[in-house]
Amino acid sequence: MTTKLTRLLRPKSIAVIGGGAWCRQVILQSERMGYEGDIWPVHPKAGDVAGHTAFGRLQDLPAAPDAAFIGINRHATIDAVQALSAMGAGGAVCFASGFSEAVAEDETGTDLQELLIAAAGDMPLLGPNCYGFINALDGALLWPDQHGATPVDKGVAILTQSSNISINLTMQQRALPIAYMVACGNMAQTSQAEIATALVDDPRVTAIGLHIEGFKDIRHWEALAAKAYARGVPLVALKVGASEQAQAATVSHTASLAGSDAGAQALLNRLGIPRLAALPDFLETLKLLHCYGPLPGGNIASISCSGGEASLIADMAVGTGLTFPNLTTGQKNQLRAALGPMVALNNPLDYHTYIWRDTKAMTQAWSGMTGENIDLTFSIVDYPTTDATDWVCTKQAALNLRAATGARFAIASTLPELLPLDIAQDLMAGGVVPLMGLREALAAIRAAGQIARPATEPICLPGSATATLMLTEAQAKKALSEHGLHIPRHCTVQSPDAARAAALKLTSPFAIKGVGLAHKSEHAAVRLGISAEDVADVAAAIGTQEILIEEMITGAVAELLVGVLRDPAHGFVLTLGAGGVLTEVLRDTVSLLVPSAPEDIRSALGTLKIAPLLAGHRGQPAADLDAILGAVVAIQTYVVQNADTLCEVEINPLLCTPDRAVAADALIRKA
């Protein structure tokens, strides 16, 4: 564990500052968990707190504490933090609220949170406005309320900003061993990513779950993802909330399509961190990762004694990306030997109840559904709430299978409440993962197969300048062409006569556009396929002071949108999607962060619904994918070199032909 946070999170001495009910609970909770270190209450008047002799002042302590729980008012908290820092304490949990979350100031108008940070200096600080942490490995609980944690030898770490959610998660009845529960509070000094990075160093931590309300320092998250992946500690996230976009009133398709959450999703994808949508899925995923770590992929096998369950799981898996591979000859031979001729062999498999209670035969049959082509096998079993005696054979068969084959195996119930805690605990002890609820099980399996190596190139961080300038289309195209983007031959004129003269220097047919309008097509200010003799009349009809005349690009097999939007919370969001006049109707997009590698851009394009057009649909020619990648890279290069002032770039459409990719329209907003 990193030196900065080691003493705080794994303390050998704890100071508890304050004497109220919250502080007494900190002492009692640690004692009940078997904490063997020193506990030193600090209170100026009380003789003892929770049976421990109290010290009148921090300066009276035998030594600088490794960890301190500060359970006093916010103004006194600042003084205590300063004293702890001066005496060399390992860190502190600030329980008091009323700092940045309340926009609090002292009597001089100074921000209280700034005073708190200054008082801490180099000493680590959790909170303020947080419950602190539970270390169930060492029995150290700087935690002022009830909880459901129990001592463990190894387990997962969970971090959340919400103290209430953290309490609820410790109460889970899913046999998930929780090694650390950390309530991060408003993270005045130490970020959620920094705390998680420290926990990666504890070899007893098997996986880390992050309940994220917002990303503060992107560089901390990049460092966490890189370190966790290198150490083999999988990360999963439950991301809530939405970041504010830089511009409320949008002028581009990109801003309306790349919703406020697109940046968060793109960031998690880039970090290789799967995202869950609900707390039960989050816990089941952590349980699966605790047992087996990341899954190689999404090939699964299901076995049950009911055709209804086999059909149910097959239907529920549709759209998840999980697949049920066909049974191999070897698997069929083993299954036939165990089940006889009466069972139709498929995946998912209904093995009926011919071998029920025959633990040996059940073990053999279930083992037949494992193999090198299967990433996880599970048997669907619902234990009755009345008398589960006749279901003991299922638990034993699963444990026998795991011991004999070492295969990744799960018992999954259709409903969460139909897998009893004692059964789940026995399965976990034997290396079989108990998954509670089929929907939750599928979500967990999918997430465990999505953990990936994080991108190595740092995210391009934007400046904060306000957008005050929108370049004309011609100006935008010129700026982007200087970085390698291909644009049509064109000319900008200011009268119909000048338009007629310009047309003589270009090759028809032409695209003629009014300059200075954000959505030209909505103002009938885009005319296509214009012949040389009609240029002057069309220019006059459009009516804008300035007219852009371009050579038409023919032979396009697809039109793409390529947009980049500044997202203060996550960087620059790169949106790729179906382009042209139907952009917002189709809403076929995918988001990345700048800069993205060409191979990642290629992969993202392959997820679009219009990907078949790019590949050559029904005998039509394919687009030049290398040219498309070159165009996107050129746009990214412009973004990186103008990151301090840039707010938005959009190409719509990027005309994709069999031999090139050309920007037919361009928009740039910047300071």
# chains A, B, ... in the order shown; residues from 1 in each chain; ligands from 1

$ residues_around --residues "Ile195 in chain A" --least-positions-apart "3" --cutoff "10 Å" --atoms "only C-alpha atoms" --output "PyMOL selection string"
chain A and resi 1-2+4-5+9+124+126+159+182+184+190-192+198-200+220+224

$ write_last_selection --atoms "C-alpha atoms" --output "PDB file, in the first residue's frame"
ATOM      1  CA  MET A   1       0.000   0.000   0.000  1.00  0.00           C
ATOM      2  CA  THR A   2       1.345   3.434  -0.885  1.00  0.00           C
ATOM      3  CA  LYS A   4       0.980   8.112   2.087  1.00  0.00           C
ATOM      4  CA  LEU A   5      -2.144   6.128   3.050  1.00  0.00           C
ATOM      5  CA  LEU A   9      -5.929   2.574   6.309  1.00  0.00           C
ATOM      6  CA  PRO A 124      -3.888  12.307   4.328  1.00  0.00           C
ATOM      7  CA  LEU A 126     -10.696  11.422   4.255  1.00  0.00           C
ATOM      8  CA  LEU A 159     -15.471   2.915  -2.313  1.00  0.00           C
ATOM      9  CA  VAL A 182     -14.535   3.384   2.340  1.00  0.00           C
ATOM     10  CA  CYS A 184     -14.988   9.077   0.646  1.00  0.00           C
ATOM     11  CA  THR A 190      -7.678  12.796  -1.156  1.00  0.00           C
ATOM     12  CA  SER A 191      -9.574  11.597  -4.220  1.00  0.00           C
ATOM     13  CA  GLN A 192     -11.483   8.366  -4.629  1.00  0.00           C
ATOM     14  CA  ALA A 198      -3.522   2.686  -2.227  1.00  0.00           C
ATOM     15  CA  LEU A 199      -5.796  -0.325  -1.736  1.00  0.00           C
ATOM     16  CA  VAL A 200      -4.424  -1.968  -4.877  1.00  0.00           C
ATOM     17  CA  HIS A 220      -5.461  10.012 -10.779  1.00  0.00           C
ATOM     18  CA  LEU A 224      -5.247   3.858 -10.806  1.00  0.00           C
TER      19      LEU A 224
END

$ residues_around --residues "Arg24 in chain A" --least-positions-apart "4" --cutoff "12 Å" --atoms "only C-alpha atoms" --output "MDAnalysis selection string"
chainID A and resid 15:20 28:31 39:43 46 48:52 54 69:71 141:146

$ closest_residue --among "A:Leu176, A:Ala623, A:Cys393, A:Ile134" --to "Leu435 in chain A" --atoms "only C-alpha atoms"
A:Leu176

$ atom_distance --atom1 "CA of Arg336 in chain A" --atom2 "CA of Ile303 in chain A"
13.9 Å

$ residues_around --residues "Gly616 in chain A" --least-positions-apart "4" --cutoff "10 Å" --atoms "only C-alpha atoms" --output "NGL selection string"
:A and (557-558 or 611-612 or 620-623 or 658)

$ write_last_selection --atoms "N, CA, C and O atoms" --output "PDB file, in the first residue's frame"
ATOM      1  N   VAL A 557     -20.131   6.131 -50.458  1.00  0.00           N
ATOM      2  CA  VAL A 557     -20.865   4.917 -50.070  1.00  0.00           C
ATOM      3  C   VAL A 557     -21.482   5.081 -48.682  1.00  0.00           C
ATOM      4  O   VAL A 557     -22.349   4.307 -48.283  1.00  0.00           O
ATOM      5  N   ALA A 558     -21.025   6.089 -47.935  1.00  0.00           N
ATOM      6  CA  ALA A 558     -21.579   6.348 -46.602  1.00  0.00           C
ATOM      7  C   ALA A 558     -21.215   7.765 -46.191  1.00  0.00           C
ATOM      8  O   ALA A 558     -20.246   8.350 -46.691  1.00  0.00           O
ATOM      9  N   ALA A 611     -22.110   0.266 -40.082  1.00  0.00           N
ATOM     10  CA  ALA A 611     -20.835  -0.390 -40.389  1.00  0.00           C
ATOM     11  C   ALA A 611     -20.902  -1.240 -41.658  1.00  0.00           C
ATOM     12  O   ALA A 611     -19.936  -1.270 -42.436  1.00  0.00           O
ATOM     13  N   PRO A 612     -22.013  -1.946 -41.932  1.00  0.00           N
ATOM     14  CA  PRO A 612     -22.075  -2.721 -43.189  1.00  0.00           C
ATOM     15  C   PRO A 612     -21.915  -1.860 -44.433  1.00  0.00           C
ATOM     16  O   PRO A 612     -21.370  -2.323 -45.447  1.00  0.00           O
ATOM     17  N   GLN A 620     -22.051  -3.583 -52.978  1.00  0.00           N
ATOM     18  CA  GLN A 620     -21.592  -2.223 -53.208  1.00  0.00           C
ATOM     19  C   GLN A 620     -20.127  -2.096 -52.793  1.00  0.00           C
ATOM     20  O   GLN A 620     -19.640  -2.840 -51.940  1.00  0.00           O
ATOM     21  N   PRO A 621     -19.401  -1.138 -53.360  1.00  0.00           N
ATOM     22  CA  PRO A 621     -17.992  -0.973 -52.969  1.00  0.00           C
ATOM     23  C   PRO A 621     -17.865  -0.534 -51.512  1.00  0.00           C
ATOM     24  O   PRO A 621     -18.749   0.144 -50.978  1.00  0.00           O
ATOM     25  N   ALA A 622     -16.773  -0.919 -50.884  1.00  0.00           N
ATOM     26  CA  ALA A 622     -16.506  -0.534 -49.499  1.00  0.00           C
ATOM     27  C   ALA A 622     -15.858   0.841 -49.447  1.00  0.00           C
ATOM     28  O   ALA A 622     -15.214   1.285 -50.405  1.00  0.00           O
ATOM     29  N   ALA A 623     -16.037   1.515 -48.325  1.00  0.00           N
ATOM     30  CA  ALA A 623     -15.343   2.781 -48.105  1.00  0.00           C
ATOM     31  C   ALA A 623     -13.869   2.516 -47.818  1.00  0.00           C
ATOM     32  O   ALA A 623     -13.488   1.418 -47.405  1.00  0.00           O
ATOM     33  N   PRO A 658     -14.877   4.990 -52.065  1.00  0.00           N
ATOM     34  CA  PRO A 658     -13.964   3.842 -52.090  1.00  0.00           C
ATOM     35  C   PRO A 658     -12.492   4.215 -52.046  1.00  0.00           C
ATOM     36  O   PRO A 658     -11.653   3.349 -51.805  1.00  0.00           O
TER      37      PRO A 658
END

$ atom_distance --atom1 "CA of Ile212 in chain A" --atom2 "CA of Leu268 in chain A"
10.9 Å

$ residues_around --residues "Asp201 in chain A" --least-positions-apart "4" --cutoff "10 Å" --atoms "only C-alpha atoms" --output "PyMOL selection string"
chain A and resi 1-2+6+196-197+205+227-228+231+233

$ residues_around --residues "range 290-296 of chain A" --least-positions-apart "4" --cutoff "9 Å" --atoms "only C-alpha atoms" --output "list in words"
Gly155, Val156, Leu176, Pro177, Val205, Thr206, Ala207, Gly232, Val233, Pro234, Thr285, Leu286, Asp375, Leu376, Arg408, Met428, Gly431, Val432, Val433, Ile445, Arg446, Ala447, Ala448, Gly449, Gln450, Ile451 and Ala452 of chain A

$ write_last_selection --atoms "C-alpha atoms" --output "short mmCIF file (atom, residue, chain, number, x, y, z; two decimals), in the first residue's frame"
data_model
loop_
_atom_site.label_atom_id
_atom_site.label_comp_id
_atom_site.auth_asym_id
_atom_site.auth_seq_id
_atom_site.Cartn_x
_atom_site.Cartn_y
_atom_site.Cartn_z
CA GLY A 155 -11.92 -9.81 -0.01
CA VAL A 156 -13.04 -6.91 -2.15
CA LEU A 176 -19.48 -11.35 -0.66
CA PRO A 177 -16.37 -10.92 1.53
CA VAL A 205 -7.70 -7.14 -1.86
CA THR A 206 -9.09 -9.27 -4.70
CA ALA A 207 -11.13 -6.66 -6.59
CA GLY A 232 -4.03 -7.97 -11.54
CA VAL A 233 -6.65 -6.28 -9.34
CA PRO A 234 -9.86 -5.87 -11.40
CA THR A 285 -19.80 -8.81 -10.28
CA LEU A 286 -17.46 -8.21 -7.35
CA ASP A 375 -15.56 -19.13 -19.76
CA LEU A 376 -18.12 -19.86 -17.04
CA ARG A 408 -15.05 -21.81 -13.27
CA MET A 428 -17.79 -19.63 -1.82
CA GLY A 431 -14.45 -21.98 -4.87
CA VAL A 432 -17.90 -22.04 -6.49
CA VAL A 433 -19.45 -18.61 -7.04
CA ILE A 445 -20.65 -12.38 -16.27
CA ARG A 446 -20.76 -9.75 -18.98
CA ALA A 447 -18.88 -7.20 -16.85
CA ALA A 448 -16.25 -9.71 -15.69
CA GLY A 449 -15.47 -10.41 -19.35
CA GLN A 450 -15.08 -6.72 -20.23
CA ILE A 451 -12.12 -5.84 -18.03
CA ALA A 452 -9.41 -4.64 -20.38
#

$ residues_around --residues "Phe215 in chain A" --least-positions-apart "4" --cutoff "12 Å" --atoms "only C-alpha atoms" --output "count of residues only"
30

$ atom_distance --atom1 "CA of Asp537 in chain A" --atom2 "CA of Ala524 in chain A"
14.4 Å

$ residues_around --residues "range 501-506 of chain A" --least-positions-apart "4" --cutoff "7 Å" --atoms "only C-alpha atoms" --output "PyMOL selection string"
chain A and resi 491+497+532+551

$ write_last_selection --atoms "C-alpha atoms" --output "compact mmCIF listing (two decimals), in the first residue's frame"
# COMPACT_ATOMS: atom_id res chain seq x y z
CA CYS A 491 -14.07 29.35 -53.37
CA ASP A 497 -21.28 37.71 -60.42
CA ALA A 532 -21.99 26.08 -63.84
CA GLU A 551 -16.88 20.95 -56.07

$ select_by_dssp --residues "range 319-532 of chain A" --states "strand (DSSP E)" --output "VMD selection string"
chain A and resid 349 to 350 376 to 380 409 to 413 433 to 436 469 to 470 490 to 493 510 to 514 526 to 530
